[in-house]
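Asks: What follows is my_file.txt, made up of compact mmCIF, C-alpha atoms:
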# COMPACT_ATOMS: atom_id res chain seq x y z
CA MET A 962 118.28 51.20 105.57
CA ASP A 963 116.90 53.68 108.10
CA LYS A 964 113.15 53.07 108.23
CA SER A 965 112.58 56.70 109.21
CA ALA A 966 114.48 58.05 106.19
CA PRO A 967 112.06 60.38 104.42
CA PRO A 968 111.35 59.81 100.72
CA LYS A 969 112.33 62.14 97.90
CA ASP A 970 109.93 64.47 96.14
CA ARG A 971 109.42 64.76 92.37
CA LYS A 972 112.46 67.04 92.07
CA GLY A 973 114.72 64.48 93.75
CA LEU A 974 114.88 66.44 97.01
CA ARG A 975 114.46 64.62 100.32
CA THR A 976 111.32 65.43 102.21
CA GLY A 977 111.54 65.62 105.99
CA PHE A 978 109.45 65.35 109.13
CA THR A 979 107.81 68.18 111.06
CA THR A 980 108.48 69.10 114.66
CA GLY A 981 104.94 67.92 115.39
CA ALA A 982 105.53 64.47 113.93
CA CYS A 983 108.77 64.08 115.91
CA ALA A 984 107.10 65.22 119.15
CA ALA A 985 104.21 62.78 118.66
CA ALA A 986 106.61 59.89 118.05
CA ALA A 987 108.62 60.76 121.18
CA ALA A 988 105.44 61.02 123.28
CA LYS A 989 104.16 57.69 121.99
CA ALA A 990 107.50 56.02 122.83
CA ALA A 991 107.61 57.46 126.34
CA THR A 992 104.05 56.29 127.00
CA ARG A 993 104.83 52.77 125.78
CA CYS A 994 107.95 52.74 127.94
CA LEU A 995 105.77 53.41 131.03
CA VAL A 996 102.86 51.14 130.13
CA GLN A 997 104.96 48.13 129.08
CA GLY A 998 108.00 48.80 131.28
CA SER A 999 110.36 48.34 128.35
CA MET A 1000 113.23 50.36 126.93
CA LEU A 1001 112.93 51.19 123.22
CA SER A 1002 115.33 52.08 120.42
CA GLU A 1003 112.64 52.99 117.87
CA ILE A 1004 108.91 53.65 117.62
CA GLU A 1005 106.37 53.32 114.82
CA THR A 1006 103.94 56.22 114.73
CA THR A 1007 101.08 57.46 112.58
CA LEU A 1008 101.55 60.87 110.95
CA PRO A 1009 98.65 63.32 110.60
CA ASN A 1010 98.42 62.29 106.91
CA ARG A 1011 97.78 58.72 108.23
CA SER A 1012 101.01 57.26 106.89
CA HIS A 1013 103.10 55.06 109.20
CA VAL A 1014 106.73 55.88 109.94
CA THR A 1015 109.30 54.34 112.27
CA PHE A 1016 111.52 56.84 114.09
CA ALA A 1017 114.81 56.00 115.77
CA LEU A 1018 114.95 57.25 119.35
CA ALA A 1019 117.83 59.42 120.50
CA ARG A 1020 116.85 58.94 124.17
CA CYS A 1021 114.73 56.51 126.14
CA GLU A 1022 114.89 56.87 129.92
CA ARG A 1023 112.74 55.86 132.88
CA LEU A 1024 112.73 58.14 135.93
CA ASP A 1025 110.44 56.80 138.67
CA GLU A 1026 106.91 57.45 137.40
CA ARG A 1027 108.05 59.34 134.33
CA ALA A 1028 109.60 58.38 131.00
CA ILE A 1029 111.60 60.61 128.67
CA CYS A 1030 112.07 59.83 124.98
CA SER A 1031 113.37 61.95 122.15
CA VAL A 1032 113.60 62.09 118.34
CA ILE A 1033 116.07 64.09 116.26
CA LYS A 1034 114.27 66.05 113.56
CA ASP A 1035 115.32 65.38 109.98
CA ALA A 1036 114.01 68.22 107.79
CA GLY A 1037 115.21 66.53 104.60
CA ASP A 1038 116.51 69.01 102.04
CA ASP A 1039 114.43 71.87 103.42
CA PRO A 1040 116.54 74.80 104.70
CA ASP A 1041 114.82 74.59 108.07
CA CYS A 1042 116.37 76.12 111.20
CA THR A 1043 114.94 73.24 113.25
CA HIS A 1044 116.78 70.55 111.25
CA GLY A 1045 118.68 68.46 113.78
CA ALA A 1046 116.59 69.67 116.70
CA GLU A 1047 115.94 67.18 119.51
CA LEU A 1048 112.22 66.88 120.28
CA ILE A 1049 111.89 65.53 123.83
CA ALA A 1050 108.68 64.19 125.35
CA GLU A 1051 108.39 63.62 129.07
CA VAL A 1052 105.31 61.60 129.99
CA GLU A 1053 103.68 61.03 133.37
CA LEU A 1054 100.63 58.76 133.45
CA ARG A 1055 97.50 59.30 135.53
CA THR A 1056 94.23 57.50 136.17
CA GLU A 1057 92.10 60.57 135.41
CA PRO A 1058 91.07 60.75 131.71
CA GLY A 1059 92.55 63.34 129.38
CA ILE A 1060 95.90 64.19 127.83
CA GLU A 1061 97.39 67.45 129.09
CA LEU A 1062 100.03 68.98 126.81
CA ARG A 1063 102.64 71.29 128.29
CA GLY A 1064 105.47 73.23 126.73
CA GLY A 1065 108.85 72.96 128.38
CA SER A 1066 112.03 74.89 127.67
CA GLY A 1067 112.60 75.67 124.00
CA VAL A 1068 108.89 75.58 123.13
CA ALA A 1069 107.38 79.03 122.61
CA ARG A 1070 104.58 80.44 124.74
CA VAL A 1071 101.70 82.25 123.10
CA THR A 1072 101.39 85.92 124.09
CA LYS A 1073 99.24 87.37 121.30
CA ALA A 1074 95.81 86.59 119.86
CA GLY A 1075 95.19 85.68 116.23
CA LEU A 1076 96.99 82.34 116.09
CA GLY A 1077 94.11 80.10 117.09
CA LEU A 1078 96.04 79.10 120.23
CA LYS A 1079 95.34 79.75 123.90
CA ILE A 1080 97.09 82.84 125.29
CA ASP A 1081 99.86 81.84 127.70
CA GLY A 1082 99.69 78.26 126.45
CA PRO A 1083 102.41 76.38 124.57
CA ALA A 1084 102.84 77.02 120.84
CA ILE A 1085 101.75 73.54 119.82
CA ASN A 1086 99.51 73.93 116.80
CA PRO A 1087 96.14 72.12 116.61
CA VAL A 1088 97.14 69.30 114.22
CA PRO A 1089 100.32 68.32 116.11
CA SER A 1090 98.42 68.62 119.39
CA ARG A 1091 95.80 66.18 118.10
CA ASN A 1092 98.48 63.85 116.73
CA ILE A 1093 100.38 63.78 120.04
CA THR A 1094 97.14 63.12 121.93
CA GLU A 1095 96.10 60.29 119.60
CA MET A 1096 99.51 58.59 119.76
CA VAL A 1097 99.53 58.66 123.57
CA GLU A 1098 95.93 57.43 123.78
CA GLU A 1099 96.79 54.48 121.51
CA GLU A 1100 99.36 53.31 124.03
CA LEU A 1101 96.95 53.66 126.98
CA VAL A 1102 94.40 51.22 125.54
CA GLY A 1103 94.10 48.20 127.82
CA SER A 1104 96.21 49.79 130.56
CA PRO A 1105 95.00 50.95 134.00
CA TYR A 1106 95.72 54.54 132.94
CA ALA A 1107 93.24 56.90 131.27
CA GLY A 1108 95.32 60.03 130.88
CA ALA A 1109 98.76 61.58 130.86
CA ILE A 1110 100.73 64.78 131.25
CA VAL A 1111 102.99 65.26 128.23
CA THR A 1112 105.69 67.93 128.32
CA ILE A 1113 107.50 68.75 125.09
CA THR A 1114 110.91 70.40 125.29
CA VAL A 1115 113.46 71.41 122.65
CA PRO A 1116 117.05 72.05 123.74
CA ASP A 1117 118.35 75.17 121.99
CA GLY A 1118 114.80 75.95 120.84
CA GLU A 1119 115.06 79.53 122.04
CA GLU A 1120 118.19 80.04 119.96
CA MET A 1121 116.58 78.43 116.89
CA ALA A 1122 113.58 80.72 117.24
CA LYS A 1123 115.78 83.76 116.57
CA LYS A 1124 115.90 82.63 112.93
CA THR A 1125 112.08 82.66 112.69
CA THR A 1126 109.33 85.30 112.88
CA ASN A 1127 108.08 83.82 116.17
CA ALA A 1128 108.89 86.86 118.33
CA ARG A 1129 107.02 89.15 115.94
CA LEU A 1130 104.01 86.86 116.21
CA GLY A 1131 104.16 86.97 120.00
CA LEU A 1132 105.55 83.44 120.30
CA LEU A 1133 108.25 83.85 122.92
CA GLY A 1134 110.91 81.60 124.39
CA GLY A 1135 111.32 79.00 121.68
CA ILE A 1136 110.06 77.36 118.51
CA SER A 1137 106.55 76.32 117.57
CA ILE A 1138 105.51 72.68 117.26
CA LEU A 1139 104.11 72.66 113.74
CA GLY A 1140 102.94 70.50 110.87
CA THR A 1141 99.66 69.71 109.17
CA THR A 1142 100.70 66.46 107.46
CA GLY A 1143 103.81 65.42 109.41
CA ILE A 1144 105.93 65.80 106.27
CA VAL A 1145 108.21 68.75 105.46
CA ARG A 1146 108.44 69.44 101.74
CA PRO A 1147 111.59 71.24 100.59
CA TYR A 1148 111.07 74.97 100.10
CA SER A 1149 107.40 74.46 100.86
CA THR A 1150 105.36 77.21 99.22
CA ALA A 1151 102.30 76.06 101.14
CA ALA A 1152 104.12 76.60 104.43
CA PHE A 1153 105.35 80.02 103.35
CA LYS A 1154 101.88 81.14 102.25
CA ALA A 1155 100.43 79.92 105.53
CA SER A 1156 103.09 81.87 107.42
CA VAL A 1157 102.28 85.08 105.51
CA MET A 1158 98.57 84.71 106.24
CA GLN A 1159 99.28 83.98 109.90
CA GLU A 1160 101.43 87.09 110.29
CA ILE A 1161 98.66 89.23 108.75
CA ASP A 1162 96.07 87.64 111.05
CA VAL A 1163 98.15 88.39 114.15
CA ALA A 1164 98.80 91.97 113.04
CA ALA A 1165 95.10 92.54 112.36
CA VAL A 1166 94.00 91.08 115.70
CA GLY A 1167 96.63 93.29 117.32
CA GLY A 1168 94.83 96.34 115.92
CA LEU A 1169 97.23 97.23 113.09
CA CYS A 1170 95.39 98.65 110.09
CA GLU A 1171 98.49 99.56 108.06
CA LEU A 1172 100.99 96.90 106.98
CA VAL A 1173 104.19 97.00 104.94
CA PHE A 1174 104.88 94.15 102.53
CA THR A 1175 108.38 93.37 101.33
CA THR A 1176 109.82 90.60 99.19
CA GLY A 1177 112.71 89.70 101.50
CA GLY A 1178 115.01 90.64 104.35
CA LYS A 1179 116.92 93.31 102.46
CA SER A 1180 113.84 95.15 101.24
CA GLU A 1181 112.34 94.85 104.75
CA GLN A 1182 115.43 96.50 106.19
CA TYR A 1183 115.04 99.37 103.71
CA ALA A 1184 111.27 99.58 104.38
CA MET A 1185 111.85 99.93 108.12
CA ALA A 1186 114.13 102.88 107.42
CA LEU A 1187 111.50 104.46 105.16
CA TYR A 1188 108.64 103.97 107.64
CA PRO A 1189 110.20 104.26 111.14
CA ARG A 1190 106.88 105.28 112.71
CA LEU A 1191 105.44 101.77 112.22
CA PRO A 1192 106.01 98.94 114.73
CA GLU A 1193 108.07 95.91 113.73
CA GLN A 1194 104.96 93.74 113.61
CA ALA A 1195 103.62 95.85 110.73
CA PHE A 1196 106.43 94.64 108.43
CA ILE A 1197 105.74 91.33 106.70
CA GLN A 1198 107.94 89.53 104.22
CA VAL A 1199 105.52 88.17 101.62
CA GLY A 1200 108.24 86.82 99.35
CA ASP A 1201 106.70 86.08 95.95
CA PHE A 1202 103.15 85.97 97.33
CA ILE A 1203 102.00 89.58 97.13
CA GLY A 1204 98.60 88.40 95.87
CA ILE A 1205 98.05 86.26 98.97
CA GLY A 1206 99.12 89.20 101.12
CA VAL A 1207 96.75 91.82 99.74
CA LYS A 1208 93.80 89.42 99.67
CA GLN A 1209 94.37 88.42 103.29
CA CYS A 1210 94.57 92.09 104.25
CA ALA A 1211 91.19 92.74 102.65
CA LYS A 1212 89.76 89.67 104.35
CA ARG A 1213 91.04 90.74 107.79
CA GLY A 1214 89.95 94.36 107.57
CA VAL A 1215 93.41 95.88 107.16
CA THR A 1216 92.80 99.18 105.35
CA ARG A 1217 96.23 100.11 103.96
CA ALA A 1218 99.16 98.17 102.54
CA ILE A 1219 102.51 99.67 101.63
CA ILE A 1220 104.62 97.62 99.21
CA VAL A 1221 108.37 98.16 99.23
CA GLY A 1222 110.59 96.41 96.73
CA MET A 1223 113.20 96.63 94.02
CA MET A 1224 112.84 97.02 90.28
CA GLY A 1225 112.52 93.35 89.30
CA LYS A 1226 109.72 92.29 91.64
CA LEU A 1227 107.81 95.57 91.37
CA SER A 1228 107.95 95.42 87.56
CA LYS A 1229 106.22 92.03 87.70
CA MET A 1230 103.57 93.28 90.13
CA ALA A 1231 102.97 96.36 87.94
CA ASN A 1232 102.22 93.97 85.09
CA GLY A 1233 99.62 92.14 87.16
CA LYS A 1234 101.75 89.20 88.28
CA MET A 1235 100.56 88.47 91.80
CA GLN A 1236 102.99 85.55 92.18
CA THR A 1237 106.44 86.83 91.31
CA HIS A 1238 108.73 83.78 91.55
CA ALA A 1239 111.27 83.76 88.73
CA ALA A 1240 110.12 80.35 87.50
CA GLY A 1241 106.51 81.46 87.35
CA SER A 1242 106.84 84.93 85.83
CA GLU A 1243 109.55 86.74 83.94
CA VAL A 1244 110.01 90.51 83.74
CA ASP A 1245 108.14 91.60 80.60
CA MET A 1246 110.41 93.99 78.68
CA GLU A 1247 107.62 94.81 76.26
CA PHE A 1248 105.53 96.00 79.19
CA LEU A 1249 108.35 98.18 80.53
CA ALA A 1250 108.91 99.57 77.03
CA SER A 1251 105.21 100.49 76.89
CA LEU A 1252 105.55 102.40 80.18
CA ALA A 1253 108.47 104.34 78.73
CA ALA A 1254 106.42 105.13 75.65
CA GLU A 1255 103.55 106.27 77.90
CA LEU A 1256 106.02 108.80 79.35
CA SER A 1257 106.91 110.01 75.83
CA ALA A 1258 110.38 108.49 75.91
CA PRO A 1259 112.45 108.69 72.70
CA ASP A 1260 111.98 105.79 70.29
CA GLU A 1261 115.62 104.76 70.78
CA LEU A 1262 115.11 104.32 74.52
CA VAL A 1263 111.89 102.36 74.01
CA ALA A 1264 113.72 100.05 71.57
CA ALA A 1265 116.64 99.65 73.96
CA ILE A 1266 114.30 98.68 76.82
CA ARG A 1267 112.74 95.98 74.62
CA GLN A 1268 116.22 94.45 74.22
CA ALA A 1269 117.25 94.88 77.88
CA ASN A 1270 118.57 91.89 79.82
CA THR A 1271 117.01 92.56 83.22
CA ALA A 1272 114.76 95.00 85.05
CA ARG A 1273 117.88 96.43 86.63
CA HIS A 1274 119.28 97.03 83.12
CA VAL A 1275 116.06 98.90 82.25
CA LEU A 1276 116.56 101.07 85.31
CA GLU A 1277 120.11 101.90 84.20
CA LEU A 1278 118.94 102.77 80.66
CA CYS A 1279 116.21 105.07 81.97
CA ARG A 1280 118.58 106.71 84.43
CA GLU A 1281 121.10 107.43 81.67
CA ALA A 1282 118.34 108.90 79.49
CA GLY A 1283 116.94 111.03 82.33
CA LEU A 1284 113.62 109.13 82.44
CA VAL A 1285 113.66 108.83 86.23
CA CYS A 1286 109.88 109.15 86.53
CA ILE A 1287 109.38 105.60 85.21
CA THR A 1288 109.93 104.28 88.76
CA SER A 1289 106.97 106.23 90.13
CA LEU A 1290 104.82 105.05 87.20
CA ILE A 1291 105.74 101.46 88.06
CA CYS A 1292 104.71 102.14 91.66
CA LYS A 1293 101.39 103.56 90.43
CA LYS A 1294 100.73 100.42 88.39
CA VAL A 1295 101.67 98.21 91.36
CA ALA A 1296 99.19 100.06 93.57
CA GLU A 1297 96.42 99.79 90.96
CA GLN A 1298 97.00 96.08 90.29
CA CYS A 1299 97.13 95.18 93.98
CA GLN A 1300 94.04 97.23 94.82
CA ARG A 1301 92.20 95.45 92.03
CA HIS A 1302 93.41 92.05 93.25
CA ALA A 1303 92.16 92.87 96.75
CA GLY A 1304 88.72 93.63 95.39
CA GLY A 1305 89.01 97.35 95.94
CA LYS A 1306 88.86 96.88 99.72
CA LEU A 1307 92.44 97.94 100.37
CA PHE A 1308 94.32 101.19 99.80
CA VAL A 1309 97.76 100.36 98.41
CA GLU A 1310 100.92 102.43 98.26
CA ALA A 1311 104.18 101.39 96.65
CA SER A 1312 107.80 102.44 97.05
CA LEU A 1313 110.64 101.37 94.75
CA VAL A 1314 114.14 101.27 96.22
CA ASP A 1315 117.53 100.50 94.71
CA PHE A 1316 119.97 97.83 95.90
CA GLY A 1317 121.38 100.23 98.47
CA GLY A 1318 117.98 101.20 99.88
CA ALA A 1319 117.68 104.64 98.23
CA LEU A 1320 114.09 105.60 97.36
CA LEU A 1321 113.74 105.83 93.56
CA GLY A 1322 109.99 106.11 93.17
CA ARG A 1323 106.77 106.21 95.17
CA TYR A 1324 103.03 106.28 94.60
CA PRO A 1325 101.29 108.35 95.77
CA GLU A 1326 104.22 110.77 95.44
CA VAL A 1327 103.64 111.99 99.00
CA HIS A 1328 102.95 109.38 101.68
CA THR A 1329 99.43 109.90 103.04
Spit out the file's structure as structure tokens when you get a sec.
Replies:
Amino acid sequence: MDKSAPPKDRKGLRTGFTTGACAAAAAKAATRCLVQGSMLSEIETTLPNRSHVTFALARCERLDERAICSVIKDAGDDPDCTHGAELIAEVELRTEPGIELRGGSGVARVTKAGLGLKIDGPAINPVPSRNITEMVEEELVGSPYAGAIVTITVPDGEEMAKKTTNARLGLLGGISILGTTGIVRPYSTAAFKASVMQEIDVAAVGGLCELVFTTGGKSEQYAMALYPRLPEQAFIQVGDFIGIGVKQCAKRGVTRAIIVGMMGKLSKMANGKMQTHAAGSEVDMEFLASLAAELSAPDELVAAIRQANTARHVLELCREAGLVCITSLICKKVAEQCQRHAGGKLFVEASLVDFGGALLGRYPEVHT
């Protein structure tokens, strides 16, 4: 059995290892290779969560005063674009104390503030950076060396980065070396929430005071067509975490948020659901029926909405009955709920689009 095989989570899905954990293991192996003069096929390392894992090495080479080792990332059952990536660590020892981390090809360089990383430095986040440093230092104990230069590279990292939001965050030329525990959990909501907050932080530091929140790639595409005057960095996919988004805006001094979405997600937000995942909140047909009644809809339509199958079905019923203004009322409720959730520190607009991107409703009616 592969000792580095990640365990399964409570849902039976395989967890995986972060790019940071793989980089730290590779760096530790390369350092041991130099200190002990031995070639390795595997390395036991300590993850940031203090658990011990043995990684198989894909490479272990000695080149004069340098050693190069690598680990292939296993992301488990997470749909991660870096699954299968090779994390390579090249280590050169020195007598001067201190571990210097460098980013080679495939590792992004930081070009914007707001990420907690040094501008023009490698995109190696603080926890992985500390983990890499600790693993190298462990191997130096008892040796004549006090420090090392560690260069992390990721073949094809630049190509992988095209599937991430790195460029929008000002992380150019590759992927980021990430991970707070060393473990990747499938479909990690914690990671997604952290990504949303990070994007807002970068936008705020970059001077943007107006952001557009969407629930996915399709709605973002439609939002960009609706608001062409705004830069790409102003558009943030919050997924199901609209509540996290508006609160972070208020915290970071962003003054206006524009929410663009389709009937299902916006119906949930209008009803005060600030986490809109299907498993956590269903569309409330009784609520939508009450909105129709508020607009003096005929009793038959109100009754039909109560029995509707989906939010999209409600939209079709209202369209057939000529009650097109319900979409703008939903947008009004979305704006009110989100402003309340943000503590009144954020002005919120909302736009409801159909599945082809056509604007069906907006609040305020005229964009201000």
Asks: Can you tell me, as a JSON list (two decimals) with C-alpha atoms, keeping the file's coordinate frame, what residues are no more than 6 Å from Ile1220 (chain A) when counting only C-alpha atoms, ignoring any on the same chain fewer than 2 positions away?
Replies:
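To be explicit, this is the file written out as result_26.json:
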[["chain", "number", "residue", "atom", "x", "y", "z"],
["A", 1173, "VAL", "CA", 104.19, 97.00, 104.94],
["A", 1174, "PHE", "CA", 104.88, 94.15, 102.53],
["A", 1311, "ALA", "CA", 104.18, 101.39, 96.65]]
Asks: When distances are computed from all atoms listed in the file, which of A:Ala1211, A:Ile1060, A:Lys1073, A:Tyr1106 shows the smallest separation from Gly1304 (chain A)?
Replies: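 The closest residue to Gly1304 (chain A) is A:Ala1211.
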Asks: Determine, counting all atoms listed in the file, which protein, DNA and RNA residues have an atom within 12 Å of an atom of Glu1255 (chain A); residues of the same chain fewer than 4 positions away are not included. Present the result as a PyMOL selection string.
Replies: chain A and resi 1248-1251+1259-1260+1263+1284+1286-1287+1290-1291
Asks: Take CA of Ala1028 (chain A) and CA of Leu1078 (chain A) and report the distance between them in Å, one decimal.
Replies: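 Taking CA of Ala1028 (chain A) as the start and CA of Leu1078 (chain A) as the end point, the length is 27.0 Å.
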Asks: Please write as a compact mmCIF listing (two decimals) with C-alpha atoms, keeping the file's coordinate frame the list of polymer residues whose atoms come within 10 Å of (101.9, 81.4, 126.7), counting all atoms listed in the file and keeping to the coordinates of the file.
Replies:
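result15.txt, written as the output of this step:
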# COMPACT_ATOMS: atom_id res chain seq x y z
CA GLY A 1064 105.47 73.23 126.73
CA VAL A 1068 108.89 75.58 123.13
CA ALA A 1069 107.38 79.03 122.61
CA ARG A 1070 104.58 80.44 124.74
CA VAL A 1071 101.70 82.25 123.10
CA THR A 1072 101.39 85.92 124.09
CA LYS A 1073 99.24 87.37 121.30
CA LEU A 1078 96.04 79.10 120.23
CA LYS A 1079 95.34 79.75 123.90
CA ILE A 1080 97.09 82.84 125.29
CA ASP A 1081 99.86 81.84 127.70
CA GLY A 1082 99.69 78.26 126.45
CA PRO A 1083 102.41 76.38 124.57
CA ALA A 1084 102.84 77.02 120.84
CA GLY A 1131 104.16 86.97 120.00
CA LEU A 1132 105.55 83.44 120.30
CA LEU A 1133 108.25 83.85 122.92
CA GLY A 1134 110.91 81.60 124.39
Asks: For each of A:Ala1019, A:Ala1218, A:Ala1107, A:Ala1164, take the minimum atom-to-atom distance to Pro1192 (chain A), counting all atoms listed in the file, then give the residue where this is smallest.
Replies: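 Among A:Ala1019, A:Ala1218, A:Ala1107, A:Ala1164, it is A:Ala1164 that comes nearest to Pro1192 (chain A).
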Asks: CA of Cys1279 (chain A) to CA of Gln1298 (chain A): how many Å, to one decimal?
Replies: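 Calculated distance between CA of Cys1279 (chain A) and CA of Gln1298 (chain A) is 22.8 Å.
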Asks: Excluding region 999-1001 of chain A and any residue of its chain fewer than 5 positions from it, enumerate the residues within 12 Å of it, using all atoms listed in the file, and give them as a list of chain:residue names.
Replies: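 Listing them by chain and then by number gives A:Ala986, A:Ala987, A:Lys989, A:Ala990, A:Ala991, A:Thr992, A:Arg993, A:Cys994, A:Thr1015, A:Phe1016, A:Ala1017, A:Leu1018, A:Ala1019, A:Arg1020, A:Cys1021, A:Glu1022, A:Arg1023, A:Leu1024, A:Ala1028, A:Ile1029, A:Cys1030, A:Ser1031, A:Val1032.
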Asks: Go ahead and compute the interatomic distance for CA of Cys983 (chain A) and CA of Ile1093 (chain A), in Å to one decimal.
Replies: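 Spanning CA of Cys983 (chain A) to CA of Ile1093 (chain A) is a straight-line distance of 9.4 Å.
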Asks: Which residues come within 12 Å of Ser1180 (chain A), counting only C-alpha atoms, excluding same-chain residues fewer than 3 positions away, as a ChimeraX atom specification?
Replies: /A:1173-1177,1183-1187,1196-1200,1220-1224,1226-1227,1312-1320
Asks: Limited to C-alpha atoms, could you put the picked residues into a file as an mmCIF file, keeping the file's coordinate frame?
Replies:
data_model
loop_
_atom_site.group_PDB
_atom_site.id
_atom_site.type_symbol
_atom_site.label_atom_id
_atom_site.label_comp_id
_atom_site.auth_asym_id
_atom_site.auth_seq_id
_atom_site.Cartn_x
_atom_site.Cartn_y
_atom_site.Cartn_z
ATOM 1 C CA VAL A 1173 104.190 97.000 104.940
ATOM 2 C CA PHE A 1174 104.880 94.150 102.530
ATOM 3 C CA THR A 1175 108.380 93.370 101.330
ATOM 4 C CA THR A 1176 109.820 90.600 99.190
ATOM 5 C CA GLY A 1177 112.710 89.700 101.500
ATOM 6 C CA TYR A 1183 115.040 99.370 103.710
ATOM 7 C CA ALA A 1184 111.270 99.580 104.380
ATOM 8 C CA MET A 1185 111.850 99.930 108.120
ATOM 9 C CA ALA A 1186 114.130 102.880 107.420
ATOM 10 C CA LEU A 1187 111.500 104.460 105.160
ATOM 11 C CA PHE A 1196 106.430 94.640 108.430
ATOM 12 C CA ILE A 1197 105.740 91.330 106.700
ATOM 13 C CA GLN A 1198 107.940 89.530 104.220
ATOM 14 C CA VAL A 1199 105.520 88.170 101.620
ATOM 15 C CA GLY A 1200 108.240 86.820 99.350
ATOM 16 C CA ILE A 1220 104.620 97.620 99.210
ATOM 17 C CA VAL A 1221 108.370 98.160 99.230
ATOM 18 C CA GLY A 1222 110.590 96.410 96.730
ATOM 19 C CA MET A 1223 113.200 96.630 94.020
ATOM 20 C CA MET A 1224 112.840 97.020 90.280
ATOM 21 C CA LYS A 1226 109.720 92.290 91.640
ATOM 22 C CA LEU A 1227 107.810 95.570 91.370
ATOM 23 C CA SER A 1312 107.800 102.440 97.050
ATOM 24 C CA LEU A 1313 110.640 101.370 94.750
ATOM 25 C CA VAL A 1314 114.140 101.270 96.220
ATOM 26 C CA ASP A 1315 117.530 100.500 94.710
ATOM 27 C CA PHE A 1316 119.970 97.830 95.900
ATOM 28 C CA GLY A 1317 121.380 100.230 98.470
ATOM 29 C CA GLY A 1318 117.980 101.200 99.880
ATOM 30 C CA ALA A 1319 117.680 104.640 98.230
ATOM 31 C CA LEU A 1320 114.090 105.600 97.360
#
Asks: Considering all atoms listed in the file, return as a ChimeraX atom specification whatever protein or nucleic-acid residues lie within 12 Å of Cys1210 (chain A), sequence-local ones (same chain, fewer than 2 positions apart) excluded.
Replies: /A:1157-1166,1169-1174,1195,1197,1199,1203-1208,1212-1219,1299-1300,1302-1309
Asks: Between A:Ala1151, A:Gly1135, A:Ile1110, A:Tyr1324, which is the closest to Ala988 (chain A) once you count all atoms listed in the file?
Replies: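 Nearest candidate to Ala988 (chain A) out of A:Ala1151, A:Gly1135, A:Ile1110, A:Tyr1324: A:Ile1110.
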Asks: I need every residue sitting at most 7 Å from the point (97.4, 105.1, 93.6) (coordinates as in the file, all atoms listed in the file considered), written as a ChimeraX atom specification.
Replies: /A:1293,1296-1297,1309-1310,1324-1325
Asks: Using N, CA and C atoms, give me region 1190-1202 of chain A from the structure I just pasted, as a JSON list (two decimals), in the first residue's frame.
Replies:
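Listed below is the output, selection20.json:
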[["chain", "number", "residue", "atom", "x", "y", "z"],
["A", 1190, "ARG", "N", -17.88, 48.89, -18.34],
["A", 1190, "ARG", "CA", -17.00, 49.98, -17.88],
["A", 1190, "ARG", "C", -16.07, 49.52, -16.75],
["A", 1191, "LEU", "N", -16.39, 48.40, -16.09],
["A", 1191, "LEU", "CA", -15.61, 47.95, -14.94],
["A", 1191, "LEU", "C", -14.47, 47.03, -15.36],
["A", 1192, "PRO", "N", -13.33, 47.11, -14.68],
["A", 1192, "PRO", "CA", -12.19, 46.25, -15.03],
["A", 1192, "PRO", "C", -12.46, 44.80, -14.62],
["A", 1193, "GLU", "N", -11.74, 43.89, -15.24],
["A", 1193, "GLU", "CA", -11.95, 42.46, -14.96],
["A", 1193, "GLU", "C", -11.81, 42.13, -13.48],
["A", 1194, "GLN", "N", -10.90, 42.82, -12.81],
["A", 1194, "GLN", "CA", -10.64, 42.53, -11.40],
["A", 1194, "GLN", "C", -11.84, 42.84, -10.52],
["A", 1195, "ALA", "N", -12.78, 43.64, -11.02],
["A", 1195, "ALA", "CA", -13.96, 44.00, -10.23],
["A", 1195, "ALA", "C", -14.98, 42.87, -10.19],
["A", 1196, "PHE", "N", -14.83, 41.87, -11.05],
["A", 1196, "PHE", "CA", -15.80, 40.77, -11.13],
["A", 1196, "PHE", "C", -15.30, 39.58, -10.31],
["A", 1197, "ILE", "N", -16.11, 39.17, -9.35],
["A", 1197, "ILE", "CA", -15.71, 38.10, -8.43],
["A", 1197, "ILE", "C", -16.81, 37.04, -8.36],
["A", 1198, "GLN", "N", -16.42, 35.81, -8.63],
["A", 1198, "GLN", "CA", -17.37, 34.70, -8.51],
["A", 1198, "GLN", "C", -17.43, 34.26, -7.04],
["A", 1199, "VAL", "N", -18.55, 34.57, -6.39],
["A", 1199, "VAL", "CA", -18.69, 34.22, -4.97],
["A", 1199, "VAL", "C", -19.35, 32.86, -4.78],
["A", 1200, "GLY", "N", -19.79, 32.24, -5.88],
["A", 1200, "GLY", "CA", -20.44, 30.94, -5.75],
["A", 1200, "GLY", "C", -21.67, 31.05, -4.87],
["A", 1201, "ASP", "N", -21.73, 30.19, -3.85],
["A", 1201, "ASP", "CA", -22.87, 30.20, -2.93],
["A", 1201, "ASP", "C", -22.65, 31.13, -1.74],
["A", 1202, "PHE", "N", -21.49, 31.81, -1.70],
["A", 1202, "PHE", "CA", -21.12, 32.55, -0.49],
["A", 1202, "PHE", "C", -21.31, 34.05, -0.63]]
